[in-house]
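Trainee: Got input-v5.cif for you, mmCIF, C-alpha atoms and all ligand atoms:
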data_start
loop_
_atom_site.label_atom_id
_atom_site.label_comp_id
_atom_site.auth_asym_id
_atom_site.auth_seq_id
_atom_site.Cartn_x
_atom_site.Cartn_y
_atom_site.Cartn_z
CA MET A 1 0.00 0.00 0.00
CA GLU A 2 1.48 3.33 -0.93
CA LEU A 3 0.52 6.96 -0.42
CA ALA A 4 1.03 9.53 -3.14
CA SER A 5 2.12 12.99 -2.07
CA PRO A 6 -0.56 15.72 -2.23
CA SER A 7 -0.60 17.45 -5.60
CA PHE A 8 -0.09 21.16 -6.21
CA PRO A 9 -3.01 23.07 -4.70
CA LEU A 10 -3.54 25.28 -7.75
CA SER A 11 -2.85 22.71 -10.41
CA GLY A 12 -5.07 23.15 -13.42
CA ARG A 13 -6.39 26.51 -12.16
CA ARG A 14 -6.24 29.21 -14.82
CA ILE A 15 -5.23 32.61 -13.57
CA VAL A 16 -5.01 35.83 -15.54
CA LEU A 17 -2.50 38.08 -13.81
CA GLY A 18 -3.11 41.75 -14.60
CA ILE A 19 -0.20 44.07 -13.90
CA THR A 20 -0.62 47.84 -13.81
CA GLY A 21 1.80 50.75 -13.57
CA SER A 22 3.14 50.80 -10.05
CA ILE A 23 6.62 50.32 -8.63
CA ALA A 24 5.15 47.23 -6.93
CA ALA A 25 5.04 45.64 -10.41
CA TYR A 26 8.47 44.18 -9.64
CA LYS A 27 6.74 41.94 -7.08
CA SER A 28 4.47 40.56 -9.81
CA ALA A 29 7.38 38.50 -11.06
CA THR A 30 7.53 36.69 -7.71
CA LEU A 31 3.75 36.35 -7.69
CA ALA A 32 3.68 34.80 -11.18
CA ARG A 33 6.42 32.38 -10.17
CA GLU A 34 4.62 31.50 -6.94
CA LEU A 35 1.32 30.84 -8.73
CA LYS A 36 3.14 28.61 -11.22
CA ARG A 37 4.99 26.83 -8.43
CA ARG A 38 1.64 26.00 -6.84
CA GLY A 39 0.49 24.47 -10.12
CA ALA A 40 -1.56 27.25 -11.74
CA GLN A 41 -1.56 28.07 -15.44
CA VAL A 42 -0.82 31.78 -15.66
CA ARG A 43 -1.39 34.31 -18.41
CA VAL A 44 -0.20 37.87 -17.98
CA VAL A 45 -1.83 41.08 -19.22
CA MET A 46 0.23 44.24 -18.64
CA THR A 47 -0.78 47.86 -19.05
CA ALA A 48 1.60 50.22 -20.85
CA GLY A 49 2.42 51.72 -17.45
CA ALA A 50 3.35 48.30 -16.06
CA THR A 51 5.85 47.71 -18.88
CA GLU A 52 7.80 50.74 -17.67
CA PHE A 53 8.39 49.07 -14.32
CA ILE A 54 8.99 45.48 -15.39
CA THR A 55 9.63 44.13 -18.86
CA PRO A 56 7.24 41.83 -20.69
CA LEU A 57 10.30 39.67 -21.38
CA THR A 58 10.80 39.05 -17.65
CA MET A 59 7.18 38.06 -17.21
CA ALA A 60 7.07 35.98 -20.40
CA THR A 61 10.16 34.07 -19.29
CA LEU A 62 8.62 33.32 -15.91
CA ILE A 63 5.30 32.06 -17.27
CA ASP A 64 6.74 30.35 -20.37
CA ARG A 65 4.50 32.17 -22.81
CA PRO A 66 4.16 35.63 -24.37
CA VAL A 67 2.44 38.28 -22.29
CA HIS A 68 -0.35 40.47 -23.64
CA SER A 69 -0.21 44.23 -23.45
CA ASP A 70 -1.89 45.47 -26.61
CA PHE A 71 -5.15 45.07 -28.46
CA THR A 72 -3.16 43.84 -31.44
CA GLU A 73 -0.44 41.20 -31.59
CA ASP A 74 0.72 42.18 -35.06
CA GLU A 75 -0.88 45.39 -36.26
CA HIS A 76 0.23 45.04 -39.89
CA ALA A 77 -0.97 41.48 -40.21
CA GLY A 78 -4.24 42.36 -38.47
CA VAL A 79 -3.65 39.90 -35.61
CA TRP A 80 -5.56 41.03 -32.57
CA THR A 81 -5.55 39.94 -28.97
CA ASN A 82 -8.81 38.29 -28.11
CA HIS A 83 -9.58 39.99 -24.81
CA VAL A 84 -12.93 38.20 -24.60
CA GLU A 85 -11.20 34.84 -24.88
CA LEU A 86 -8.75 35.85 -22.12
CA GLY A 87 -11.63 36.91 -19.88
CA ILE A 88 -13.41 33.62 -20.46
CA TRP A 89 -10.23 31.49 -20.18
CA GLY A 90 -9.45 32.54 -16.61
CA ASP A 91 -10.88 30.87 -13.50
CA LEU A 92 -9.77 33.99 -11.66
CA ILE A 93 -8.29 37.35 -12.61
CA VAL A 94 -5.84 38.85 -10.15
CA VAL A 95 -4.80 42.45 -10.69
CA ALA A 96 -1.56 42.92 -8.76
CA PRO A 97 -0.54 45.62 -8.40
CA ALA A 98 -3.79 47.49 -8.95
CA THR A 99 -3.24 51.24 -9.22
CA ALA A 100 -5.78 53.89 -8.13
CA ASN A 101 -6.30 54.59 -11.83
CA THR A 102 -7.17 50.96 -12.69
CA LEU A 103 -9.48 50.66 -9.67
CA ALA A 104 -11.33 53.79 -10.85
CA ALA A 105 -11.52 52.41 -14.40
CA MET A 106 -12.97 49.14 -13.08
CA VAL A 107 -15.65 50.99 -11.15
CA HIS A 108 -16.67 53.00 -14.22
CA GLY A 109 -16.37 50.19 -16.75
CA GLN A 110 -13.72 51.98 -18.76
CA CYS A 111 -12.11 50.11 -21.59
CA GLU A 112 -9.02 52.10 -22.47
CA ASN A 113 -6.46 49.34 -22.45
CA LEU A 114 -6.37 45.58 -22.96
CA LEU A 115 -6.50 44.77 -19.25
CA GLN A 116 -9.59 46.91 -18.75
CA ALA A 117 -11.23 45.19 -21.73
CA VAL A 118 -10.40 41.78 -20.24
CA LEU A 119 -11.86 42.86 -16.90
CA LEU A 120 -15.00 44.07 -18.60
CA SER A 121 -15.50 40.79 -20.47
CA ALA A 122 -14.53 38.49 -17.58
CA ARG A 123 -17.01 35.90 -16.42
CA CYS A 124 -14.82 34.71 -13.59
CA PRO A 125 -14.23 36.28 -10.16
CA VAL A 126 -11.69 39.10 -9.83
CA ALA A 127 -9.24 39.92 -7.04
CA VAL A 128 -7.22 43.11 -6.77
CA ALA A 129 -4.12 43.90 -4.73
CA PRO A 130 -4.02 47.70 -4.53
CA ALA A 131 -0.64 49.45 -4.46
CA MET A 132 -0.24 53.21 -4.24
CA ASP A 133 1.00 55.97 -2.07
CA LEU A 134 -0.51 56.59 1.36
CA ASP A 135 -2.57 59.68 0.44
CA MET A 136 -3.86 58.16 -2.76
CA PHE A 137 -4.94 55.06 -0.88
CA THR A 138 -6.72 56.94 1.91
CA HIS A 139 -8.32 59.42 -0.51
CA ALA A 140 -12.12 59.29 -0.39
CA SER A 141 -12.29 58.48 -4.13
CA THR A 142 -10.08 55.42 -3.81
CA GLN A 143 -11.86 54.24 -0.69
CA ASP A 144 -15.24 54.71 -2.42
CA ASN A 145 -14.00 52.80 -5.43
CA LEU A 146 -12.76 49.93 -3.27
CA ARG A 147 -16.11 49.82 -1.46
CA VAL A 148 -18.02 49.68 -4.77
CA LEU A 149 -15.76 46.94 -6.10
CA GLU A 150 -16.12 44.95 -2.90
CA GLU A 151 -19.91 45.28 -3.10
CA ARG A 152 -19.70 43.88 -6.62
CA GLY A 153 -17.85 40.84 -5.30
CA VAL A 154 -14.27 41.81 -6.14
CA ASP A 155 -11.87 40.36 -3.57
CA ILE A 156 -9.67 43.15 -2.20
CA VAL A 157 -6.29 41.97 -0.94
CA ASP A 158 -5.51 44.73 1.52
CA PRO A 159 -2.21 46.54 1.08
CA GLY A 160 0.34 46.44 3.87
CA THR A 161 1.78 49.27 5.95
CA GLY A 162 5.41 50.33 5.71
CA PRO A 163 7.86 52.58 3.86
CA LEU A 164 6.48 53.64 0.47
CA ALA A 165 8.28 54.64 -2.72
CA SER A 166 7.54 58.30 -2.00
CA GLY A 167 9.50 58.11 1.24
CA LEU A 168 6.29 58.33 3.28
CA VAL A 169 5.43 55.59 5.69
CA GLY A 170 1.88 54.20 5.78
CA LYS A 171 -0.66 51.93 4.15
CA GLY A 172 -0.32 51.35 0.42
CA ARG A 173 2.37 48.71 -0.10
CA MET A 174 1.09 45.87 -2.23
CA ALA A 175 0.51 42.69 -0.20
CA GLU A 176 3.40 40.23 -0.38
CA PRO A 177 3.27 37.79 -3.34
CA GLU A 178 3.07 34.72 -1.05
CA ASP A 179 0.09 36.27 0.77
CA ILE A 180 -1.65 37.02 -2.53
CA ALA A 181 -1.01 33.45 -3.68
CA ASP A 182 -2.45 32.17 -0.36
CA ARG A 183 -5.53 34.27 -0.98
CA VAL A 184 -5.87 32.82 -4.47
CA GLU A 185 -5.66 29.33 -3.00
CA ALA A 186 -8.24 30.19 -0.34
CA HIS A 187 -10.52 31.58 -3.04
CA PHE A 188 -10.63 28.22 -4.81
CA GLN A 189 -11.08 26.35 -1.56
CA LYS A 190 -14.00 28.36 -0.26
CA THR A 191 -16.02 29.17 -3.35
CA LEU A 192 -16.47 25.70 -4.74
CA PRO A 193 -19.55 23.56 -4.11
CA TRP A 194 -17.69 20.66 -2.47
CA SER A 195 -15.22 22.80 -0.50
CA GLY A 196 -14.48 21.36 2.90
CA LYS A 197 -16.01 17.96 2.08
CA GLN A 198 -13.91 14.82 2.43
CA VAL A 199 -14.73 12.33 -0.31
CA LEU A 200 -13.56 8.72 -0.49
CA ILE A 201 -13.60 7.02 -3.90
CA THR A 202 -12.72 3.43 -4.72
CA ALA A 203 -11.69 2.69 -8.29
CA GLY A 204 -10.27 0.02 -10.56
CA PRO A 205 -10.21 -3.76 -10.22
CA THR A 206 -8.81 -5.97 -7.52
CA HIS A 207 -6.31 -8.72 -8.28
CA GLU A 208 -6.66 -11.88 -6.22
CA PRO A 209 -3.49 -13.95 -6.51
CA LEU A 210 -3.64 -17.58 -7.57
CA ASP A 211 0.08 -18.17 -7.68
CA ALA A 212 3.17 -16.04 -8.02
CA VAL A 213 2.17 -14.83 -11.51
CA ARG A 214 -1.57 -15.39 -11.95
CA PHE A 215 -4.57 -13.71 -10.45
CA LEU A 216 -8.37 -13.53 -10.56
CA GLY A 217 -9.36 -10.09 -11.76
CA ASN A 218 -11.64 -8.14 -14.03
CA ARG A 219 -11.43 -5.61 -16.84
CA SER A 220 -11.98 -2.40 -14.85
CA SER A 221 -9.54 0.26 -16.05
CA GLY A 222 -10.24 2.75 -13.26
CA LYS A 223 -11.38 5.38 -15.77
CA MET A 224 -14.82 5.95 -14.26
CA GLY A 225 -13.48 6.23 -10.71
CA PHE A 226 -10.65 8.52 -11.76
CA ALA A 227 -13.08 10.75 -13.69
CA LEU A 228 -15.14 11.03 -10.50
CA ALA A 229 -12.06 11.77 -8.40
CA SER A 230 -11.10 14.52 -10.81
CA ALA A 231 -14.61 16.01 -10.89
CA PHE A 232 -14.89 16.03 -7.08
CA ALA A 233 -11.43 17.61 -6.72
CA ASP A 234 -12.34 20.24 -9.33
CA GLN A 235 -15.34 21.14 -7.20
CA GLY A 236 -13.18 21.65 -4.12
CA ALA A 237 -13.53 18.28 -2.35
CA LEU A 238 -10.61 16.76 -0.50
CA VAL A 239 -10.46 13.45 -2.35
CA THR A 240 -8.96 10.19 -1.12
CA LEU A 241 -8.70 7.68 -3.93
CA VAL A 242 -8.31 4.01 -3.03
CA VAL A 243 -7.33 2.27 -6.19
CA GLY A 244 -6.65 -1.22 -7.46
CA PRO A 245 -4.01 -2.03 -10.09
CA VAL A 246 -4.57 0.46 -12.91
CA ASN A 247 -2.36 2.32 -15.28
CA LEU A 248 -3.60 5.87 -14.76
CA PRO A 249 -1.90 9.01 -13.39
CA THR A 250 -3.40 10.59 -10.28
CA PRO A 251 -5.84 13.32 -11.35
CA GLU A 252 -4.82 16.88 -10.51
CA ARG A 253 -5.65 18.09 -7.03
CA VAL A 254 -6.53 14.65 -5.68
CA HIS A 255 -5.39 14.86 -2.09
CA ARG A 256 -4.38 11.29 -1.40
CA ARG A 257 -4.05 8.11 -3.43
CA ILE A 258 -3.80 4.70 -1.82
CA ASP A 259 -2.74 1.93 -4.17
CA ILE A 260 -3.85 -1.57 -3.24
CA SER A 261 -4.02 -4.90 -4.99
CA THR A 262 -6.56 -7.22 -3.36
CA ALA A 263 -10.08 -6.78 -2.00
CA VAL A 264 -8.77 -7.42 1.51
CA ASP A 265 -6.22 -4.60 1.08
CA MET A 266 -8.91 -2.31 -0.33
CA ASN A 267 -11.17 -3.08 2.61
CA GLU A 268 -8.37 -2.28 5.06
CA ALA A 269 -7.59 1.02 3.32
CA VAL A 270 -11.26 2.01 3.21
CA GLN A 271 -11.83 1.06 6.85
CA SER A 272 -8.85 3.17 7.90
CA CYS A 273 -10.39 6.38 6.60
CA TRP A 274 -14.14 6.01 6.03
CA ALA A 275 -15.08 7.31 9.50
CA SER A 276 -13.54 10.71 8.75
CA MET A 277 -15.25 11.09 5.35
CA ASP A 278 -18.37 13.04 4.42
CA PHE A 279 -19.09 11.18 1.21
CA GLY A 280 -18.13 7.85 -0.31
CA VAL A 281 -18.39 6.50 -3.86
CA ALA A 282 -17.60 2.84 -4.49
CA CYS A 283 -16.75 2.62 -8.15
CA ALA A 284 -14.24 -0.21 -7.84
CA ALA A 285 -14.98 -3.56 -9.42
CA VAL A 286 -14.14 -5.66 -6.38
CA SER A 287 -13.74 -9.38 -6.74
CA ASP A 288 -16.31 -11.08 -4.55
CA PHE A 289 -14.09 -14.12 -4.19
CA ARG A 290 -10.43 -14.98 -3.86
CA PRO A 291 -8.61 -18.29 -4.24
CA ALA A 292 -8.67 -20.08 -0.91
CA GLN A 293 -5.05 -21.06 -1.42
CA THR A 294 -2.33 -19.26 -3.24
CA SER A 295 1.20 -20.25 -4.11
CA ASP A 296 4.32 -18.12 -3.69
CA ILE A 297 5.83 -19.82 -6.70
CA LYS A 298 4.50 -20.25 -10.21
CA TRP A 299 2.34 -23.30 -10.76
CA HIS A 300 3.65 -25.34 -13.65
CA ARG A 301 1.25 -27.30 -15.80
CA ALA A 302 1.74 -30.46 -13.77
CA ASP A 303 1.19 -28.63 -10.45
CA MET A 304 -2.08 -27.01 -11.47
CA PRO A 305 -4.91 -28.06 -9.17
CA GLU A 306 -7.91 -29.46 -10.99
CA THR A 307 -10.25 -27.22 -9.12
CA ILE A 308 -9.63 -23.97 -7.35
CA ALA A 309 -11.52 -23.43 -4.14
CA LEU A 310 -12.69 -19.86 -3.55
CA LYS A 311 -13.19 -17.88 -0.37
CA GLU A 312 -15.58 -14.96 0.00
CA ASN A 313 -14.07 -11.49 0.07
CA PRO A 314 -15.41 -8.77 2.36
CA ASP A 315 -18.23 -6.71 0.87
CA ILE A 316 -16.45 -3.38 1.31
CA LEU A 317 -19.41 -1.21 0.38
CA ARG A 318 -21.75 -3.08 2.67
CA GLY A 319 -19.32 -2.50 5.54
CA MET A 320 -19.29 1.22 4.76
CA GLY A 321 -23.09 1.25 4.65
CA GLN A 322 -23.33 -0.53 7.99
CA SER A 323 -21.12 1.99 9.77
CA LYS A 324 -22.49 5.03 7.92
CA THR A 325 -23.49 7.88 10.23
CA ASP A 326 -26.44 10.26 9.69
CA ALA A 327 -24.01 12.87 8.40
CA GLN A 328 -22.35 10.62 5.83
CA ARG A 329 -23.61 9.88 2.32
CA LEU A 330 -22.73 6.77 0.35
CA VAL A 331 -23.07 5.91 -3.32
CA GLY A 332 -22.41 2.54 -4.92
CA PHE A 333 -22.16 1.35 -8.50
CA ALA A 334 -23.93 -1.68 -9.94
CA LEU A 335 -22.47 -3.38 -12.97
CA GLU A 336 -25.02 -5.66 -14.57
CA THR A 337 -25.25 -7.68 -17.75
CA ASP A 338 -29.03 -7.46 -18.13
CA GLU A 339 -31.34 -4.49 -17.71
CA GLY A 340 -30.35 -4.54 -14.05
CA LEU A 341 -32.89 -2.23 -12.41
CA ASP A 342 -34.17 -4.72 -9.84
CA SER A 343 -30.70 -5.90 -8.95
CA ALA A 344 -29.49 -2.29 -8.53
CA LYS A 345 -32.48 -1.48 -6.29
CA ALA A 346 -31.75 -4.55 -4.17
CA LYS A 347 -28.09 -3.46 -3.78
CA LEU A 348 -29.17 0.05 -2.84
CA ALA A 349 -31.25 -1.33 0.04
CA ARG A 350 -28.97 -4.20 1.08
CA LYS A 351 -25.85 -2.02 1.31
CA ASN A 352 -27.67 0.91 2.99
CA LEU A 353 -26.77 3.36 0.21
CA ASP A 354 -28.08 6.84 -0.51
CA ALA A 355 -27.82 6.25 -4.26
CA ILE A 356 -26.63 3.69 -6.76
CA VAL A 357 -25.29 4.15 -10.29
CA LEU A 358 -26.41 1.40 -12.62
CA ASN A 359 -24.37 0.63 -15.73
CA THR A 360 -25.06 -2.37 -17.85
CA LEU A 361 -22.91 -4.15 -20.39
CA GLN A 362 -26.06 -4.47 -22.50
CA ASP A 363 -25.47 -0.87 -23.57
CA ASP A 364 -22.81 -0.33 -26.23
CA GLY A 365 -20.07 1.99 -24.98
CA ALA A 366 -20.95 1.46 -21.30
CA GLY A 367 -19.01 -0.14 -18.47
CA PHE A 368 -15.45 -1.50 -18.48
CA ALA A 369 -12.38 0.07 -20.05
CA VAL A 370 -14.10 2.34 -22.58
CA ASP A 371 -13.97 6.16 -22.31
CA THR A 372 -17.75 6.47 -22.23
CA ASN A 373 -20.56 5.30 -20.00
CA LYS A 374 -24.33 5.28 -19.90
CA VAL A 375 -25.89 5.16 -16.45
CA THR A 376 -29.10 5.39 -14.48
CA VAL A 377 -28.90 6.79 -10.96
CA LEU A 378 -31.41 5.54 -8.42
CA ASP A 379 -31.58 7.10 -4.99
CA ALA A 380 -33.03 6.02 -1.67
CA SER A 381 -35.94 8.46 -1.99
CA GLY A 382 -37.07 6.66 -5.16
CA ARG A 383 -35.79 9.26 -7.64
CA THR A 384 -34.39 7.95 -10.95
CA VAL A 385 -32.16 10.02 -13.23
CA GLU A 386 -30.98 8.67 -16.58
CA PHE A 387 -27.84 9.88 -18.34
CA ASP A 388 -27.24 9.30 -22.06
CA LEU A 389 -24.06 7.71 -23.35
CA GLN A 390 -21.26 10.25 -22.92
CA ALA A 391 -17.59 10.63 -21.99
CA LYS A 392 -16.85 9.40 -18.46
CA ASP A 393 -15.29 12.81 -17.65
CA GLU A 394 -18.45 14.67 -18.61
CA LEU A 395 -20.67 12.16 -16.87
CA ALA A 396 -18.60 12.40 -13.69
CA GLN A 397 -19.11 16.17 -13.56
CA LYS A 398 -22.86 15.71 -13.93
CA LEU A 399 -22.98 13.04 -11.22
CA VAL A 400 -21.02 15.23 -8.82
CA ASP A 401 -23.43 18.13 -9.50
CA LEU A 402 -26.44 15.83 -9.07
CA TRP A 403 -25.23 14.53 -5.70
CA ARG A 404 -24.43 18.05 -4.49
CA THR A 405 -28.02 19.08 -5.03
CA THR A 406 -29.83 15.87 -4.09
CA LEU A 407 -27.73 14.22 -1.39
CA ILE A 408 -25.94 17.00 0.52
CA PRO A 409 -28.17 18.81 3.02
O1 LIG B 1 -13.04 1.18 -14.33
P1 LIG B 1 -13.74 1.35 -15.67
O2 LIG B 1 -13.07 0.55 -16.76
O3 LIG B 1 -13.94 2.79 -16.04
O4 LIG B 1 -15.20 0.71 -15.54
C1 LIG B 1 -16.13 1.28 -14.68
C2 LIG B 1 -16.94 0.22 -13.93
C3 LIG B 1 -17.75 -0.57 -14.91
C4 LIG B 1 -16.01 -0.70 -13.14
C5 LIG B 1 -17.86 1.01 -12.93
O5 LIG B 1 -18.70 1.86 -13.65
C6 LIG B 1 -18.70 0.07 -12.08
O6 LIG B 1 -19.77 -0.35 -12.43
N1 LIG B 1 -18.17 -0.29 -10.85
C7 LIG B 1 -18.79 -1.27 -9.97
C8 LIG B 1 -18.49 -2.65 -10.47
C9 LIG B 1 -19.01 -3.72 -9.54
O7 LIG B 1 -18.26 -4.37 -8.91
O8 LIG B 1 -20.32 -3.74 -9.44
P2 LIG B 1 -21.10 -4.84 -8.48
O9 LIG B 1 -22.51 -4.72 -8.93
O10 LIG B 1 -20.45 -6.15 -8.54
O11 LIG B 1 -20.90 -4.26 -7.03
C10 LIG B 1 -21.83 -3.38 -6.40
C11 LIG B 1 -21.11 -2.38 -5.54
O12 LIG B 1 -20.51 -3.03 -4.42
C12 LIG B 1 -20.02 -1.61 -6.22
O13 LIG B 1 -20.08 -0.29 -5.76
C13 LIG B 1 -18.74 -2.28 -5.73
O14 LIG B 1 -17.66 -1.35 -5.64
C14 LIG B 1 -19.15 -2.76 -4.35
N2 LIG B 1 -18.49 -3.99 -3.90
C15 LIG B 1 -18.68 -5.14 -4.58
C16 LIG B 1 -18.12 -6.32 -4.10
C17 LIG B 1 -17.33 -6.27 -2.94
N3 LIG B 1 -16.78 -7.35 -2.47
N4 LIG B 1 -17.15 -5.10 -2.31
C18 LIG B 1 -17.71 -3.97 -2.77
O15 LIG B 1 -17.52 -2.91 -2.19
#
Show the structure stored in the file as structure tokens.
Ligand code: PMT

Mentor:
Amino acid sequence: MELASPSFPLSGRRIVLGITGSIAAYKSATLARELKRRGAQVRVVMTAGATEFITPLTMATLIDRPVHSDFTEDEHAGVWTNHVELGIWGDLIVVAPATANTLAAMVHGQCENLLQAVLLSARCPVAVAPAMDLDMFTHASTQDNLRVLEERGVDIVDPGTGPLASGLVGKGRMAEPEDIADRVEAHFQKTLPWSGKQVLITAGPTHEPLDAVRFLGNRSSGKMGFALASAFADQGALVTLVVGPVNLPTPERVHRRIDISTAVDMNEAVQSCWASMDFGVACAAVSDFRPAQTSDIKWHRADMPETIALKENPDILRGMGQSKTDAQRLVGFALETDEGLDSAKAKLARKNLDAIVLNTLQDDGAGFAVDTNKVTVLDASGRTVEFDLQAKDELAQKLVDLWRTTLIP
């Protein structure tokens, strides 16, 4: 059994870093590097003023891609910068440093440079880290502007107090890059639907050894379980993935991965953490039986027993259902070869589940190994939701949304 190290907290998050014309722009280099170090994808939009304090080349080198500072990329060729695309691309826009001028432009919806156009077309949340001199910061106009922006949902990362470029001492220094990066991280943790929820997912097959080289197993690839792990992590859940032998990389942001081989190992791993979970999804294809006897060496043809006695494996999901508290929610999967509705309903009740996801090998493109699935979700209140054949990734997102609205109080 092995634990994978936690992944980068911002991995896969898309952040547009807006830089405006303040001496604090030199700190934006550290901020960009810090966001990248934590796993984020970063694009940089600089105002003309910002380029006087720090070069686009510095920023481009740090983020490994060109920065944007103009409405056109190549004026003569008619290549323009798609500010709308940039605004839609980002999961979050951070303007750091944000000058008094840019804050005022944001309040009034001005569109005089590329960054302002991106801010005006953005669909994602925006954070600003103001940086300016003491008197500009305390001026009633700036304070009013900050209040308006805050009322509109902009996250204001308060400036610090200390010596300022003017020689004055007071409030106006841009927050430190590490603190801004912490705030970005906190933003993703608190604003997502599954934030703060601990989710346990089992995935993949189990391998039950017969001898040193053979095993009883099944064709589960782990794809469905991994798609769910990824979708839960995307929605802010702290995901623990207990996984049988599969050949898949850990999805981004999954908190913990426990690799096991047999059903007994999987049961042990699940038992060790289920009590501290809010939600469980058993997607693994667990072998119900294991060979009663195994051999440490390879059986040769002459040594092969004529019959192989089997022993029952623990029903992991049933154990979870038996110890489930009122606060926990538990979902199982049912893999059937016929229509399967009655069998799925029986499993829902027998294993004390809140919902069950039925997939049947009768449906082309559903079940093992393929990239798609077609499922029907039945829940304990009698509700039935059918999902058409679709990519497991897409389906996983829909299931996670469904459970957020139907199973979480
Ligand atoms: O991994 P993929 O290739 O993407 O394929 C996905 C899948 C087909 C494996 C998945 O969608 C699926 O259906 N998983 C459950 C497979 C299965 O074992 O179904 P079952 O009907 O035999 O078991 C019912 C439930 O009890 C399942 O949640 C299973 O995890 C659980 N179980 C079963 C036996 C056992 N000993 N312990 C268990 O916990």

Trainee: For ligand LIG 1 (chain B), return the neighbouring residues as a PDB file with C-alpha atoms, in the coordinates of the input (distance at most 8 Å; only C-alpha atoms and all ligand atoms).

Mentor:
ATOM      1  CA  THR A 202     -12.720   3.430  -4.720  1.00  0.00           C
ATOM      2  CA  ALA A 203     -11.690   2.690  -8.290  1.00  0.00           C
ATOM      3  CA  GLY A 204     -10.270   0.020 -10.560  1.00  0.00           C
ATOM      4  CA  PRO A 205     -10.210  -3.760 -10.220  1.00  0.00           C
ATOM      5  CA  ARG A 219     -11.430  -5.610 -16.840  1.00  0.00           C
ATOM      6  CA  SER A 220     -11.980  -2.400 -14.850  1.00  0.00           C
ATOM      7  CA  SER A 221      -9.540   0.260 -16.050  1.00  0.00           C
ATOM      8  CA  GLY A 222     -10.240   2.750 -13.260  1.00  0.00           C
ATOM      9  CA  LYS A 223     -11.380   5.380 -15.770  1.00  0.00           C
ATOM     10  CA  MET A 224     -14.820   5.950 -14.260  1.00  0.00           C
ATOM     11  CA  GLY A 225     -13.480   6.230 -10.710  1.00  0.00           C
ATOM     12  CA  PHE A 226     -10.650   8.520 -11.760  1.00  0.00           C
ATOM     13  CA  ALA A 263     -10.080  -6.780  -2.000  1.00  0.00           C
ATOM     14  CA  ASN A 267     -11.170  -3.080   2.610  1.00  0.00           C
ATOM     15  CA  VAL A 281     -18.390   6.500  -3.860  1.00  0.00           C
ATOM     16  CA  ALA A 282     -17.600   2.840  -4.490  1.00  0.00           C
ATOM     17  CA  CYS A 283     -16.750   2.620  -8.150  1.00  0.00           C
ATOM     18  CA  ALA A 284     -14.240  -0.210  -7.840  1.00  0.00           C
ATOM     19  CA  ALA A 285     -14.980  -3.560  -9.420  1.00  0.00           C
ATOM     20  CA  VAL A 286     -14.140  -5.660  -6.380  1.00  0.00           C
ATOM     21  CA  SER A 287     -13.740  -9.380  -6.740  1.00  0.00           C
ATOM     22  CA  ASP A 288     -16.310 -11.080  -4.550  1.00  0.00           C
ATOM     23  CA  PHE A 289     -14.090 -14.120  -4.190  1.00  0.00           C
ATOM     24  CA  ASN A 313     -14.070 -11.490   0.070  1.00  0.00           C
ATOM     25  CA  PRO A 314     -15.410  -8.770   2.360  1.00  0.00           C
ATOM     26  CA  ASP A 315     -18.230  -6.710   0.870  1.00  0.00           C
ATOM     27  CA  ILE A 316     -16.450  -3.380   1.310  1.00  0.00           C
ATOM     28  CA  LEU A 317     -19.410  -1.210   0.380  1.00  0.00           C
ATOM     29  CA  ARG A 318     -21.750  -3.080   2.670  1.00  0.00           C
ATOM     30  CA  GLY A 319     -19.320  -2.500   5.540  1.00  0.00           C
ATOM     31  CA  VAL A 331     -23.070   5.910  -3.320  1.00  0.00           C
ATOM     32  CA  GLY A 332     -22.410   2.540  -4.920  1.00  0.00           C
ATOM     33  CA  PHE A 333     -22.160   1.350  -8.500  1.00  0.00           C
ATOM     34  CA  ALA A 334     -23.930  -1.680  -9.940  1.00  0.00           C
ATOM     35  CA  LEU A 335     -22.470  -3.380 -12.970  1.00  0.00           C
ATOM     36  CA  GLU A 336     -25.020  -5.660 -14.570  1.00  0.00           C
ATOM     37  CA  ALA A 344     -29.490  -2.290  -8.530  1.00  0.00           C
ATOM     38  CA  LYS A 347     -28.090  -3.460  -3.780  1.00  0.00           C
ATOM     39  CA  LYS A 351     -25.850  -2.020   1.310  1.00  0.00           C
ATOM     40  CA  ILE A 356     -26.630   3.690  -6.760  1.00  0.00           C
ATOM     41  CA  VAL A 357     -25.290   4.150 -10.290  1.00  0.00           C
ATOM     42  CA  LEU A 358     -26.410   1.400 -12.620  1.00  0.00           C
ATOM     43  CA  ASN A 359     -24.370   0.630 -15.730  1.00  0.00           C
ATOM     44  CA  THR A 360     -25.060  -2.370 -17.850  1.00  0.00           C
ATOM     45  CA  ALA A 366     -20.950   1.460 -21.300  1.00  0.00           C
ATOM     46  CA  GLY A 367     -19.010  -0.140 -18.470  1.00  0.00           C
ATOM     47  CA  PHE A 368     -15.450  -1.500 -18.480  1.00  0.00           C
ATOM     48  CA  ALA A 369     -12.380   0.070 -20.050  1.00  0.00           C
ATOM     49  CA  VAL A 370     -14.100   2.340 -22.580  1.00  0.00           C
ATOM     50  CA  ASP A 371     -13.970   6.160 -22.310  1.00  0.00           C
ATOM     51  CA  ASN A 373     -20.560   5.300 -20.000  1.00  0.00           C
ATOM     52  CA  LYS A 392     -16.850   9.400 -18.460  1.00  0.00           C
TER      53      LYS A 392
END

Trainee: Could you state the separation of atom CA of Lys27 of chain A and atom CA of Asn113 of chain A in Å, given to one decimal place?

Mentor: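 Those two atoms sit 21.6 Å apart.
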
Trainee: Figure out the distance between atom CA of Arg253 of chain A and atom CA of Val118 of chain A, please, to one decimal in Å.

Mentor: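 Separation of atom CA of Val118 of chain A and atom CA of Arg253 of chain A: 27.5 Å.
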